[in-house]
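> Dropping in target-v2.cif, with mmCIF, C-alpha atoms.
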```cif
data_target
#
loop_
_atom_site.label_atom_id
_atom_site.label_comp_id
_atom_site.auth_asym_id
_atom_site.auth_seq_id
_atom_site.Cartn_x
_atom_site.Cartn_y
_atom_site.Cartn_z
CA MET A 1 -29.54 -13.21 3.86
CA GLN A 2 -27.13 -10.37 3.12
CA PRO A 3 -23.56 -11.61 2.49
CA VAL A 4 -22.14 -8.75 4.60
CA GLU A 5 -23.78 -8.31 8.01
CA ARG A 6 -22.64 -5.48 10.26
CA THR A 7 -22.89 -6.21 13.97
CA GLY A 8 -21.65 -3.18 15.85
CA ARG A 9 -17.93 -2.77 15.19
CA ASP A 10 -17.64 -6.23 13.65
CA VAL A 11 -18.68 -7.68 10.30
CA ARG A 12 -20.05 -11.20 9.82
CA LEU A 13 -19.74 -12.75 6.36
CA HIS A 14 -22.09 -15.29 4.82
CA PRO A 15 -21.24 -17.66 1.94
CA VAL A 16 -22.22 -16.75 -1.61
CA GLY A 17 -22.22 -18.50 -4.94
CA PRO A 18 -19.66 -17.79 -7.65
CA LEU A 19 -18.91 -14.06 -7.74
CA ARG A 20 -19.27 -12.70 -11.25
CA GLY A 21 -19.12 -9.10 -12.32
CA THR A 22 -17.05 -5.98 -12.71
CA VAL A 23 -15.82 -3.62 -9.99
CA ARG A 24 -14.55 -0.06 -10.06
CA LEU A 25 -12.20 0.63 -7.19
CA PRO A 26 -11.02 3.87 -5.58
CA GLY A 27 -7.67 5.37 -6.51
CA SER A 28 -4.40 3.91 -5.34
CA LYS A 29 -3.47 4.99 -1.83
CA SER A 30 0.21 4.65 -2.68
CA LEU A 31 -0.05 6.79 -5.81
CA THR A 32 -2.25 9.36 -4.11
CA ASN A 33 0.25 10.09 -1.35
CA ARG A 34 3.10 10.27 -3.86
CA TYR A 35 1.20 12.78 -5.97
CA LEU A 36 0.32 14.77 -2.86
CA ALA A 37 3.97 14.97 -1.80
CA CYS A 38 5.14 16.08 -5.24
CA THR A 39 2.34 18.52 -6.04
CA ALA A 40 2.82 20.13 -2.61
CA LEU A 41 6.20 21.29 -3.93
CA ALA A 42 5.00 22.17 -7.43
CA ASP A 43 4.60 25.61 -8.99
CA GLY A 44 0.85 26.28 -9.06
CA ARG A 45 -2.43 24.44 -8.50
CA SER A 46 -2.87 20.75 -9.30
CA LEU A 47 -5.99 18.59 -9.49
CA LEU A 48 -5.71 14.89 -8.68
CA ARG A 49 -8.68 13.00 -10.10
CA GLY A 50 -9.81 9.59 -8.91
CA ALA A 51 -7.63 9.85 -5.82
CA SER A 52 -7.90 7.76 -2.67
CA LEU A 53 -10.07 9.20 0.11
CA SER A 54 -8.65 6.79 2.66
CA ASP A 55 -7.49 7.60 6.17
CA ASP A 56 -3.89 7.64 4.93
CA ALA A 57 -4.71 10.22 2.25
CA HIS A 58 -6.60 12.35 4.76
CA ALA A 59 -3.62 12.16 7.14
CA MET A 60 -1.39 13.46 4.36
CA LEU A 61 -3.86 16.24 3.46
CA ALA A 62 -4.17 17.33 7.10
CA ALA A 63 -0.40 17.45 7.51
CA LEU A 64 0.04 19.50 4.35
CA GLY A 65 -2.55 21.93 5.65
CA ALA A 66 -0.67 22.25 8.93
CA LEU A 67 2.44 23.07 6.88
CA GLY A 68 0.62 25.91 5.13
CA ILE A 69 -0.01 24.06 1.86
CA ASN A 70 -3.54 24.61 0.54
CA ALA A 71 -4.72 21.04 -0.12
CA GLY A 72 -8.16 19.49 0.18
CA VAL A 73 -10.98 17.37 -1.23
CA GLU A 74 -12.90 18.94 -4.12
CA ASP A 75 -15.61 16.29 -4.53
CA GLU A 76 -16.71 12.84 -3.38
CA ALA A 77 -15.47 11.31 -6.64
CA GLY A 78 -11.95 11.64 -5.31
CA THR A 79 -10.75 14.91 -6.79
CA LEU A 80 -8.09 16.60 -4.68
CA SER A 81 -6.80 20.13 -5.09
CA VAL A 82 -3.24 21.10 -4.13
CA VAL A 83 -1.71 24.55 -4.42
CA GLY A 84 2.01 23.89 -4.44
CA GLY A 85 4.45 25.87 -2.35
CA ARG A 86 7.01 26.26 -5.16
CA GLY A 87 9.51 24.19 -3.24
CA HIS A 88 8.93 26.04 0.04
CA ILE A 89 7.21 25.03 3.29
CA PRO A 90 5.16 28.09 4.34
CA GLU A 91 4.90 27.28 8.06
CA THR A 92 8.06 27.44 10.16
CA ASP A 93 6.69 25.50 13.14
CA ALA A 94 4.31 22.54 13.02
CA ASP A 95 3.36 19.49 15.07
CA LEU A 96 2.23 16.67 12.76
CA ASN A 97 0.49 13.49 13.90
CA VAL A 98 -0.07 10.99 11.08
CA GLY A 99 -1.74 8.22 13.08
CA HIS A 100 -1.18 4.87 11.36
CA ALA A 101 -0.12 6.32 7.98
CA GLY A 102 3.34 4.94 7.24
CA THR A 103 3.71 6.63 3.86
CA ALA A 104 2.75 9.97 5.38
CA MET A 105 5.31 9.56 8.18
CA ARG A 106 8.17 8.75 5.79
CA PHE A 107 7.25 11.21 3.04
CA LEU A 108 6.58 14.11 5.41
CA THR A 109 9.80 13.57 7.37
CA ALA A 110 11.70 14.16 4.13
CA LEU A 111 9.37 16.93 2.94
CA VAL A 112 9.73 19.13 6.04
CA ALA A 113 13.53 18.93 5.77
CA LEU A 114 13.16 21.34 2.84
CA GLY A 115 11.62 23.94 5.15
CA HIS A 116 13.19 26.39 7.56
CA GLY A 117 11.97 25.88 11.10
CA ARG A 118 10.97 23.23 13.62
CA TYR A 119 8.73 20.31 12.65
CA ARG A 120 7.68 17.54 15.03
CA LEU A 121 6.32 14.24 13.65
CA ASP A 122 4.51 11.56 15.64
CA GLY A 123 1.92 8.85 15.14
CA SER A 124 -0.01 6.04 16.75
CA PRO A 125 1.53 3.69 19.35
CA ARG A 126 2.25 1.23 16.53
CA MET A 127 3.91 3.97 14.46
CA ARG A 128 6.31 4.50 17.34
CA GLN A 129 7.37 0.87 16.88
CA ARG A 130 8.05 1.19 13.15
CA PRO A 131 11.67 2.04 12.31
CA ILE A 132 12.55 5.28 10.57
CA GLY A 133 16.26 5.35 11.35
CA PRO A 134 17.55 4.60 7.83
CA LEU A 135 15.56 7.51 6.40
CA VAL A 136 16.78 9.87 9.13
CA ASP A 137 20.37 8.78 8.46
CA GLY A 138 19.82 9.51 4.77
CA LEU A 139 18.43 12.96 5.49
CA ARG A 140 21.35 13.71 7.78
CA ALA A 141 23.72 12.75 4.97
CA LEU A 142 21.99 15.40 2.84
CA GLY A 143 22.44 18.05 5.51
CA ALA A 144 19.31 17.74 7.69
CA LEU A 145 19.32 18.12 11.47
CA VAL A 146 16.99 15.55 13.05
CA GLU A 147 16.63 14.47 16.67
CA TYR A 148 14.61 11.70 18.28
CA GLU A 149 12.38 12.47 21.25
CA GLY A 150 12.34 8.92 22.55
CA VAL A 151 13.85 5.69 21.26
CA GLU A 152 16.68 6.15 18.77
CA GLY A 153 15.56 5.18 15.27
CA TYR A 154 11.81 5.51 15.93
CA PRO A 155 9.20 8.28 16.02
CA PRO A 156 8.48 10.75 17.50
CA LEU A 157 11.15 12.97 16.03
CA VAL A 158 11.87 16.64 15.43
CA VAL A 159 13.34 18.05 12.22
CA HIS A 160 15.19 21.32 12.69
CA ALA A 161 14.99 22.25 9.05
CA ARG A 162 17.33 24.51 7.12
CA GLY A 163 16.87 23.12 3.61
CA LEU A 164 18.80 20.22 2.12
CA ALA A 165 22.35 20.62 0.83
CA GLY A 166 22.28 17.51 -1.35
CA GLY A 167 24.98 14.91 -1.82
CA GLU A 168 25.05 11.14 -1.57
CA VAL A 169 23.02 8.61 0.44
CA ALA A 170 24.11 4.97 0.50
CA PHE A 171 21.79 2.23 1.76
CA ALA A 172 22.82 -1.35 2.41
CA THR A 173 19.48 -3.19 2.31
CA PRO A 174 16.77 -0.76 3.40
CA PRO A 175 13.89 -2.52 5.20
CA SER A 176 11.38 -0.29 3.39
CA SER A 177 11.41 1.12 -0.13
CA GLN A 178 9.61 4.17 1.26
CA TYR A 179 12.93 5.49 2.58
CA VAL A 180 14.28 5.61 -0.98
CA SER A 181 11.04 7.05 -2.36
CA ALA A 182 10.93 9.79 0.29
CA LEU A 183 14.47 10.95 -0.51
CA LEU A 184 13.95 10.88 -4.27
CA MET A 185 10.78 12.99 -4.13
CA VAL A 186 12.43 15.85 -2.23
CA ALA A 187 15.76 15.61 -4.05
CA PRO A 188 14.95 18.11 -6.85
CA TYR A 189 14.80 20.89 -4.26
CA ALA A 190 18.18 20.22 -2.67
CA GLN A 191 20.93 22.75 -3.33
CA GLN A 192 23.08 20.17 -5.12
CA ASP A 193 22.44 16.94 -7.03
CA VAL A 194 21.38 13.92 -4.99
CA LEU A 195 22.67 10.38 -5.48
CA VAL A 196 20.84 7.52 -3.74
CA SER A 197 22.44 4.09 -4.01
CA VAL A 198 21.37 0.69 -2.68
CA ALA A 199 24.05 -1.96 -2.30
CA GLY A 200 21.83 -4.92 -1.39
CA ARG A 201 18.39 -5.98 -2.50
CA LEU A 202 15.90 -3.14 -2.76
CA THR A 203 12.76 -4.38 -1.02
CA SER A 204 9.52 -3.70 -2.89
CA ARG A 205 11.34 -2.27 -5.92
CA PRO A 206 8.09 -1.67 -7.89
CA TYR A 207 7.14 1.01 -5.36
CA VAL A 208 10.34 2.92 -6.15
CA ASP A 209 9.53 2.56 -9.84
CA MET A 210 6.08 3.98 -9.04
CA THR A 211 7.73 6.95 -7.33
CA ILE A 212 10.03 7.59 -10.29
CA ALA A 213 7.09 7.38 -12.72
CA THR A 214 5.14 9.88 -10.61
CA MET A 215 8.09 12.29 -10.56
CA ARG A 216 8.47 12.01 -14.32
CA ALA A 217 4.77 12.66 -14.84
CA LEU A 218 5.31 15.95 -13.00
CA GLY A 219 8.36 16.87 -15.06
CA VAL A 220 11.30 15.68 -12.92
CA GLU A 221 13.78 13.16 -14.30
CA VAL A 222 15.54 10.49 -12.28
CA LEU A 223 18.64 8.99 -13.85
CA GLU A 224 18.86 5.28 -13.08
CA GLY A 225 21.94 3.08 -13.19
CA ASP A 226 22.02 -0.68 -13.59
CA ASP A 227 23.57 -0.97 -10.13
CA GLN A 228 20.62 0.57 -8.22
CA ARG A 229 21.99 4.11 -8.33
CA PHE A 230 19.47 6.93 -8.67
CA VAL A 231 20.55 10.48 -9.48
CA VAL A 232 18.28 13.53 -9.26
CA ALA A 233 19.73 16.74 -10.63
CA ALA A 234 19.21 19.89 -8.59
CA SER A 235 17.13 22.81 -9.84
CA GLN A 236 14.41 20.63 -11.40
CA ARG A 237 10.87 21.62 -10.50
CA TYR A 238 7.58 19.75 -10.36
CA ARG A 239 4.98 20.87 -12.87
CA ALA A 240 1.46 21.58 -11.60
CA GLY A 241 -1.41 20.17 -13.67
CA GLU A 242 -4.30 17.72 -13.76
CA TYR A 243 -3.44 14.10 -13.04
CA THR A 244 -5.55 10.94 -12.89
CA ILE A 245 -4.86 8.31 -10.22
CA GLU A 246 -5.15 4.65 -11.19
CA PRO A 247 -7.45 2.30 -9.25
CA ASP A 248 -5.77 0.65 -6.28
CA ALA A 249 -4.10 -2.57 -7.45
CA THR A 250 -3.68 -3.96 -3.94
CA ALA A 251 -7.41 -3.54 -3.33
CA ALA A 252 -8.00 -5.34 -6.62
CA THR A 253 -6.28 -8.46 -5.29
CA TYR A 254 -9.16 -9.10 -2.86
CA PHE A 255 -11.70 -9.17 -5.67
CA TRP A 256 -9.56 -11.28 -7.98
CA SER A 257 -9.08 -13.78 -5.15
CA ALA A 258 -12.79 -13.69 -4.35
CA ALA A 259 -13.42 -14.91 -7.89
CA ALA A 260 -10.79 -17.62 -7.51
CA ILE A 261 -12.13 -19.15 -4.29
CA THR A 262 -15.86 -18.90 -5.14
CA GLY A 263 -15.53 -20.31 -8.65
CA GLY A 264 -16.44 -17.02 -10.31
CA ALA A 265 -14.97 -14.36 -12.57
CA VAL A 266 -14.29 -10.73 -11.65
CA LEU A 267 -12.95 -7.91 -13.79
CA VAL A 268 -11.41 -4.78 -12.23
CA ARG A 269 -11.96 -1.72 -14.39
CA GLY A 270 -9.16 0.70 -15.13
CA LEU A 271 -6.21 -1.60 -14.41
CA THR A 272 -3.99 -3.05 -17.12
CA ARG A 273 -0.69 -4.86 -17.42
CA ALA A 274 0.89 -1.48 -18.09
CA SER A 275 -0.01 -0.21 -14.63
CA ARG A 276 2.82 1.39 -12.68
CA GLN A 277 1.61 -0.54 -9.60
CA GLY A 278 3.55 -3.73 -9.07
CA ASP A 279 0.63 -5.49 -7.38
CA VAL A 280 -1.12 -6.05 -10.72
CA GLY A 281 1.38 -8.91 -10.92
CA PHE A 282 -0.76 -10.77 -8.38
CA VAL A 283 -2.85 -12.07 -11.29
CA ASP A 284 0.22 -14.10 -12.30
CA VAL A 285 0.29 -15.74 -8.87
CA LEU A 286 -3.35 -16.67 -9.29
CA ALA A 287 -2.53 -18.01 -12.76
CA GLN A 288 0.07 -20.30 -11.17
CA MET A 289 -2.72 -21.54 -8.92
CA GLY A 290 -4.75 -22.47 -12.00
CA CYS A 291 -6.82 -19.33 -12.57
CA ARG A 292 -7.41 -17.77 -15.96
CA VAL A 293 -6.38 -14.16 -16.51
CA HIS A 294 -8.23 -12.01 -19.03
CA ALA A 295 -7.27 -8.62 -20.43
CA THR A 296 -10.09 -6.51 -21.85
CA ALA A 297 -10.51 -2.96 -23.03
CA GLU A 298 -12.13 -2.25 -19.65
CA GLY A 299 -9.51 -3.71 -17.36
CA LEU A 300 -7.95 -6.87 -15.96
CA GLY A 301 -9.97 -9.91 -14.92
CA VAL A 302 -9.50 -13.25 -13.20
CA ALA A 303 -11.63 -16.38 -13.53
CA ALA A 304 -11.47 -19.42 -11.27
CA PRO A 305 -9.77 -22.59 -12.58
CA ALA A 306 -11.85 -24.42 -15.16
CA ASP A 307 -11.79 -27.57 -13.04
CA GLY A 308 -12.61 -25.63 -9.86
CA ARG A 309 -9.39 -26.64 -8.11
CA LEU A 310 -6.77 -24.17 -6.92
CA ARG A 311 -3.18 -25.38 -6.58
CA GLY A 312 -0.81 -24.42 -3.81
CA VAL A 313 2.24 -22.43 -4.93
CA ALA A 314 5.71 -21.45 -3.79
CA VAL A 315 6.40 -17.76 -4.47
CA ASP A 316 8.79 -14.94 -3.62
CA LEU A 317 6.61 -11.90 -2.87
CA ASN A 318 9.38 -9.45 -2.00
CA GLU A 319 8.19 -7.12 -4.76
CA MET A 320 4.51 -7.45 -3.76
CA PRO A 321 4.50 -7.64 0.06
CA ASP A 322 1.03 -6.09 0.42
CA THR A 323 -0.46 -9.08 -1.41
CA VAL A 324 0.82 -11.65 1.09
CA GLN A 325 -2.30 -11.64 3.24
CA THR A 326 -4.54 -12.01 0.19
CA LEU A 327 -2.58 -15.03 -0.98
CA ALA A 328 -2.43 -16.54 2.50
CA VAL A 329 -6.22 -16.61 2.79
CA THR A 330 -6.62 -17.82 -0.79
CA ALA A 331 -4.26 -20.67 0.08
CA LEU A 332 -6.81 -22.02 2.56
CA PHE A 333 -8.86 -23.22 -0.42
CA ALA A 334 -6.01 -24.69 -2.48
CA ASP A 335 -4.86 -28.27 -2.95
CA GLY A 336 -1.52 -28.58 -1.23
CA PRO A 337 0.65 -26.14 0.75
CA THR A 338 1.55 -22.60 -0.24
CA GLU A 339 4.98 -21.21 0.59
CA ILE A 340 5.57 -17.43 0.72
CA ARG A 341 9.20 -16.30 0.83
CA ASN A 342 11.36 -13.19 1.27
CA VAL A 343 8.84 -10.92 2.99
CA GLY A 344 10.58 -10.21 6.28
CA ASN A 345 9.57 -6.54 6.07
CA LEU A 346 6.00 -7.64 6.92
CA ARG A 347 7.11 -7.72 10.54
CA ILE A 348 7.37 -3.90 10.62
CA LYS A 349 4.04 -3.10 8.98
CA GLU A 350 0.80 -2.06 10.75
CA THR A 351 1.30 -5.19 12.80
CA ASP A 352 3.73 -8.10 12.62
CA ARG A 353 1.85 -9.56 9.69
CA ILE A 354 3.67 -12.88 9.64
CA ALA A 355 2.81 -13.57 13.28
CA ALA A 356 -0.75 -12.29 12.84
CA LEU A 357 -1.31 -14.48 9.78
CA ALA A 358 -0.02 -17.58 11.57
CA THR A 359 -2.40 -16.99 14.46
CA GLU A 360 -5.54 -16.18 12.48
CA LEU A 361 -5.05 -18.82 9.78
CA GLY A 362 -4.71 -21.29 12.65
CA ARG A 363 -8.13 -20.25 13.95
CA LEU A 364 -9.57 -21.30 10.56
CA GLY A 365 -7.93 -24.72 10.87
CA ALA A 366 -4.75 -24.27 8.84
CA ARG A 367 -1.35 -25.50 9.95
CA VAL A 368 1.16 -22.70 9.50
CA THR A 369 4.93 -22.72 9.67
CA ALA A 370 6.16 -19.17 10.27
CA ARG A 371 9.73 -18.11 9.52
CA ALA A 372 11.62 -14.87 9.98
CA ASP A 373 10.94 -13.87 6.38
CA GLY A 374 7.88 -15.86 5.35
CA LEU A 375 5.47 -18.67 6.05
CA THR A 376 4.07 -21.92 4.70
CA ILE A 377 0.34 -22.59 4.83
CA HIS A 378 -1.01 -26.14 4.94
CA PRO A 379 -4.74 -25.84 4.23
CA PRO A 380 -7.18 -27.80 6.39
CA ALA A 381 -9.43 -30.51 5.00
CA ARG A 382 -12.30 -28.19 5.91
CA VAL A 383 -11.97 -24.51 6.77
CA GLN A 384 -13.52 -23.78 10.17
CA PRO A 385 -15.60 -20.72 11.08
CA ALA A 386 -13.89 -18.31 13.46
CA ALA A 387 -13.83 -14.75 14.76
CA ILE A 388 -10.76 -13.08 13.28
CA GLU A 389 -8.73 -10.47 15.12
CA THR A 390 -7.54 -7.67 12.84
CA TYR A 391 -4.79 -6.06 14.98
CA ASP A 392 -5.93 -2.65 13.72
CA ASP A 393 -4.55 -3.72 10.32
CA HIS A 394 -6.73 -2.96 7.31
CA ARG A 395 -5.22 -5.76 5.22
CA MET A 396 -5.97 -8.39 7.85
CA ALA A 397 -9.64 -7.35 7.76
CA MET A 398 -10.01 -7.31 3.99
CA SER A 399 -8.09 -10.50 3.28
CA PHE A 400 -9.81 -12.63 5.94
CA ALA A 401 -13.22 -11.37 4.81
CA LEU A 402 -12.63 -13.52 1.72
CA ALA A 403 -12.83 -16.69 3.81
CA GLY A 404 -16.35 -15.71 4.87
CA LEU A 405 -17.49 -15.87 1.25
CA CYS A 406 -17.03 -19.65 1.41
CA VAL A 407 -17.45 -20.51 5.11
CA ASP A 408 -20.40 -19.48 7.26
CA GLY A 409 -19.55 -18.00 10.62
CA VAL A 410 -16.46 -15.93 9.80
CA VAL A 411 -16.52 -12.70 11.81
CA ILE A 412 -14.09 -9.82 11.25
CA ARG A 413 -13.43 -8.02 14.52
CA GLU A 414 -13.06 -4.21 14.54
CA ALA A 415 -13.72 -4.15 10.81
CA GLY A 416 -13.68 -0.35 10.59
CA CYS A 417 -9.89 -0.45 10.25
CA VAL A 418 -10.39 -0.94 6.49
CA SER A 419 -10.81 2.85 6.28
CA LYS A 420 -7.03 3.14 6.37
CA SER A 421 -6.90 2.30 2.66
CA PHE A 422 -10.42 1.40 1.45
CA PRO A 423 -13.32 2.84 3.50
CA GLY A 424 -15.95 1.36 1.17
CA PHE A 425 -14.50 -2.16 1.03
CA PHE A 426 -17.42 -4.04 2.58
CA ASP A 427 -19.96 -2.08 0.53
CA ALA A 428 -18.08 -2.96 -2.66
CA LEU A 429 -17.92 -6.61 -1.61
CA ALA A 430 -21.65 -6.64 -0.86
CA ARG A 431 -22.48 -5.12 -4.26
CA LEU A 432 -20.43 -7.75 -6.04
CA ALA A 433 -21.92 -10.55 -3.93
CA ALA A 434 -25.40 -9.40 -4.93
CA ASN A 435 -24.51 -10.61 -8.43
CA ALA A 436 -23.35 -14.05 -7.29
CA ASP A 437 -24.38 -16.68 -9.83
CA GLY A 438 -25.10 -13.85 -12.26
CA PRO A 439 -23.73 -13.41 -15.78
CA PRO A 440 -19.96 -13.30 -16.19
CA PRO A 441 -18.23 -10.06 -17.12
CA ALA A 442 -17.48 -9.40 -20.78
CA SER A 443 -14.90 -11.90 -21.92
CA GLY A 444 -11.48 -10.74 -22.97
CA THR A 445 -8.39 -12.30 -24.43
CA PRO A 446 -7.00 -15.06 -22.23
CA GLU A 447 -3.32 -14.57 -21.55
#
```
Show this structure as structure tokens.


Amino acid sequence: MQPVERTGRDVRLHPVGPLRGTVRLPGSKSLTNRYLACTALADGRSLLRGASLSDDAHAMLAALGALGINAGVEDEAGTLSVVGGRGHIPETDADLNVGHAGTAMRFLTALVALGHGRYRLDGSPRMRQRPIGPLVDGLRALGALVEYEGVEGYPPLVVHARGLAGGEVAFATPPSSQYVSALLMVAPYAQQDVLVSVAGRLTSRPYVDMTIATMRALGVEVLEGDDQRFVVAASQRYRAGEYTIEPDATAATYFWSAAAITGGAVLVRGLTRASRQGDVGFVDVLAQMGCRVHATAEGLGVAAPADGRLRGVAVDLNEMPDTVQTLAVTALFADGPTEIRNVGNLRIKETDRIAALATELGRLGARVTARADGLTIHPPARVQPAAIETYDDHRMAMSFALAGLCVDGVVIREAGCVSKSFPGFFDALARLAANADGPPPASGTPE
């Protein structure tokens, strides 16, 4: 029986033996959209190799095209071509609909502020529930004119662009790091220097570091202070060129966890400890649960605990919020409870992920205590089969698919939502499952 069975719009999973092998994953969605935003402003043509071909990346490409930026897919291997506008937005009037793509909504709102004209931005019904007010306030502080069409602080909105003057933006505790990233990426093209400061805790800080690393790769420097102050000098320009996108580290967490719960060993090619993606740190969470982490010349691998027993953990995942669902499902197969803290921003993602996790983990037999900024999972004595609702959230679908590798009868409803970040997820899982009980990947140096 095939481990991944498609039944209309749903996917039914069947248990497998220990998963052993190597996987090569598509490019990081987060990095791809950052490179697209920056190269759209660059001087000349850029090629992005190994990029994500997810729905979110396509939403960004379509929006850039509507803005007059020549950007598109060169080949199925994930090569994107972008002819930068040299800091200008060619179109003076555009209506952009980004669907579910949160990065596209935030990045494009800042990007169009550099133009001269009228730009309307909208998205899915859920996007209209996701706050954008702090970013709009920041753009207004830099000289932008933005108005809301409906509810104050939420899309849809219209940017009456006239370029950005520059200046200072001060955040207290922004609920999303994407607000900071969006401002930093457009800052080089403001008329004056831009200072962005954050007084409180900067949620998901590694994503801001990823943004800064991307900007530096394209030739723009960001001066960083110890007190969360970021300065971008005016008159810097992004450099067009050829850039390679790393494999998606968040997608890797599903395969590392698959190894952990099935008693196997999986290596993800192309990812190392030096990755600019903070989610590679998820291997350390699995290590706390008893797994063994291996670094090889090919990539980063995880093997299940030698004694076959995962331990529950208590962790702060503020810097890796996209890994929460992966850990929550992994926790079903651990000895003892798992506590996840300081992830209140999950409530403004594609769905309220804390509430969704509590409901769906409960269907599998877990007892869950949900809090405003986290949850505690008490695993059941025996995980029960269930049909899992995905809430049109790609990460709900991919994370709960892991449970079906160990428990027969797990069905993922409306599984096509994985295309938001990883269209080929179930195919990749099926290929790996075909090697269940096969030889382990090449051994590396245990850390």

> Run the PyMOL selection byres ((chain A and resi 259) around 9) mentally over the shown coordinates, then write out the matched residues as a PDB file with C-alpha atoms, in the frame of the given file, using the chain letters and numbers from the document.


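Below is the file that was written, part26.pdb:
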```
ATOM      1  CA  PRO A  18     -19.660 -17.790  -7.650  1.00  0.00           C
ATOM      2  CA  LEU A  19     -18.910 -14.060  -7.740  1.00  0.00           C
ATOM      3  CA  ARG A  20     -19.270 -12.700 -11.250  1.00  0.00           C
ATOM      4  CA  TYR A 254      -9.160  -9.100  -2.860  1.00  0.00           C
ATOM      5  CA  PHE A 255     -11.700  -9.170  -5.670  1.00  0.00           C
ATOM      6  CA  TRP A 256      -9.560 -11.280  -7.980  1.00  0.00           C
ATOM      7  CA  SER A 257      -9.080 -13.780  -5.150  1.00  0.00           C
ATOM      8  CA  ALA A 258     -12.790 -13.690  -4.350  1.00  0.00           C
ATOM      9  CA  ALA A 260     -10.790 -17.620  -7.510  1.00  0.00           C
ATOM     10  CA  ILE A 261     -12.130 -19.150  -4.290  1.00  0.00           C
ATOM     11  CA  THR A 262     -15.860 -18.900  -5.140  1.00  0.00           C
ATOM     12  CA  GLY A 263     -15.530 -20.310  -8.650  1.00  0.00           C
ATOM     13  CA  GLY A 264     -16.440 -17.020 -10.310  1.00  0.00           C
ATOM     14  CA  ALA A 265     -14.970 -14.360 -12.570  1.00  0.00           C
ATOM     15  CA  VAL A 266     -14.290 -10.730 -11.650  1.00  0.00           C
ATOM     16  CA  VAL A 302      -9.500 -13.250 -13.200  1.00  0.00           C
ATOM     17  CA  ALA A 303     -11.630 -16.380 -13.530  1.00  0.00           C
ATOM     18  CA  ALA A 304     -11.470 -19.420 -11.270  1.00  0.00           C
TER      19      ALA A 304
END
```

> Counting all atoms listed in the file, give me one row per residue of region 149-230 of chain A with an atom at most 12 Å from an atom of region 311-319 of chain A, showing the shortest contact pair and its distance in Å to one decimal, sorted by chain then residue number, as a tab-separated table.


```
residue	atom	partner	partner_atom	distance
A:Pro175	CA	A:Asn318	CA	11.0
A:Ser176	CA	A:Asn318	CA	10.8
A:Ser177	CA	A:Glu319	CA	10.0
A:Arg201	CA	A:Asn318	CA	9.7
A:Leu202	CA	A:Glu319	CA	8.9
A:Thr203	CA	A:Asn318	CA	6.2
A:Ser204	CA	A:Glu319	CA	4.1
A:Arg205	CA	A:Glu319	CA	5.9
A:Pro206	CA	A:Glu319	CA	6.3
A:Tyr207	CA	A:Glu319	CA	8.2
A:Val208	CA	A:Glu319	CA	10.4
A:Asp209	CA	A:Glu319	CA	11.0
```

> Just want the 12 Å neighbourhood of Asp352 (chain A), counted on all atoms listed in the file, with same-chain residues fewer than 5 positions away dropped. Output as a PyMOL selection string.

chain A and resi 126+129-130+325+343-347+357-359+370+372-374+390-393+395-396

> Identify all residues satisfying the PyMOL selection byres ((chain A and resi 410-427) around 8) in the given file; provide them as a ChimeraX atom specification.

/A:4,9-14,26,29,52-56,100-101,251,385-390,392-395,397-398,400-401,403-404,407-409,428-431

> Expanded to explicit residues, what is the PyMOL selection byres ((chain A and resi 58-60) around 9) for this file, as a ChimeraX atom specification?

/A:33,36-37,52-57,61-65,72-73,97-101,103-105,108

> Rank A:Arg118, A:Ser399, A:Ser197, A:Tyr148 by their smallest atom-to-atom distance to Gly225 (chain A), using only C-alpha atoms, and report the top residue only.

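Of A:Arg118, A:Ser399, A:Ser197, A:Tyr148, the one nearest Gly225 (chain A), counting only C-alpha atoms, is A:Ser197.
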
> What does the structure give for the distance between CA of Glu339 (chain A) and CA of Asp322 (chain A), in Å to one decimal?

15.6 Å

> Extract, using all atoms listed in the file, all DNA, RNA and protein residues at most 9 Å from Gly102 (chain A), discarding same-chain residues fewer than 6 positions from it, and format them as a list in words.

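The residues that qualify are Asp56, Gly123, Met127, Arg130, Gln178, Lys349 and Glu350 of chain A.
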
> Using all atoms listed in the file, which of A:Val222, A:Val23, A:Ser81, A:Arg237 sits nearest Gly299 (chain A)?

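Going through A:Val222, A:Val23, A:Ser81, A:Arg237 one by one, the smallest distance to Gly299 (chain A) is for A:Val23.
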
> Determine the nearest neighbour of Pro3 (chain A) from the options A:Ala42, A:Val16, A:Leu139, A:Ala182, counting all atoms listed in the file.

A:Val16

> Nearest to Ala381 (chain A): which of A:Ala51, A:Leu332, A:Ile348, A:Ala94 is it, counting all atoms listed in the file?

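Of A:Ala51, A:Leu332, A:Ile348, A:Ala94, the one nearest Ala381 (chain A) is A:Leu332, counting all atoms listed in the file.
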
> For Val82 (chain A), which of A:Gly68, A:Pro337, A:Gly281, A:Pro15 is the closest residue, counting all atoms listed in the file?

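Distance minimum relative to Val82 (chain A) lands on A:Gly68.
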
> Please write as a PyMOL selection string the list of polymer residues whose atoms come within 7 Å of (-8.5, 1.5, -9.3), counting only C-alpha atoms and keeping to the coordinates of the file.

chain A and resi 24-28+246-249+269-271

> Which distance in Å separates CA of Phe230 (chain A) and CA of Gly200 (chain A), to one decimal?

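Straight-line distance from CA of Phe230 (chain A) to CA of Gly200 (chain A) works out to 14.1 Å.
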
> Find the residue from A:Pro380, A:Gly78, A:Pro125, A:Pro174 that sits nearest to Thr351 (chain A); use all atoms listed in the file when measuring.

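Closest to Thr351 (chain A) of all the choices is A:Pro125.
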
> CA of Leu96 (chain A) and CA of Gly117 (chain A), how far apart in Å?

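The value is 13.5 Å.
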
> Specify the axis-aligned box that encloses all atoms of region 114-130 of chain A listed in the file after padding of 3 Å on each side, stating its centre and edge lengths in Å to one decimal as lines of an AutoDock Vina configuration file.


```
center_x = 6.6
center_y = 13.6
center_z = 11.1
size_x = 19.2
size_y = 31.5
size_z = 22.5
```
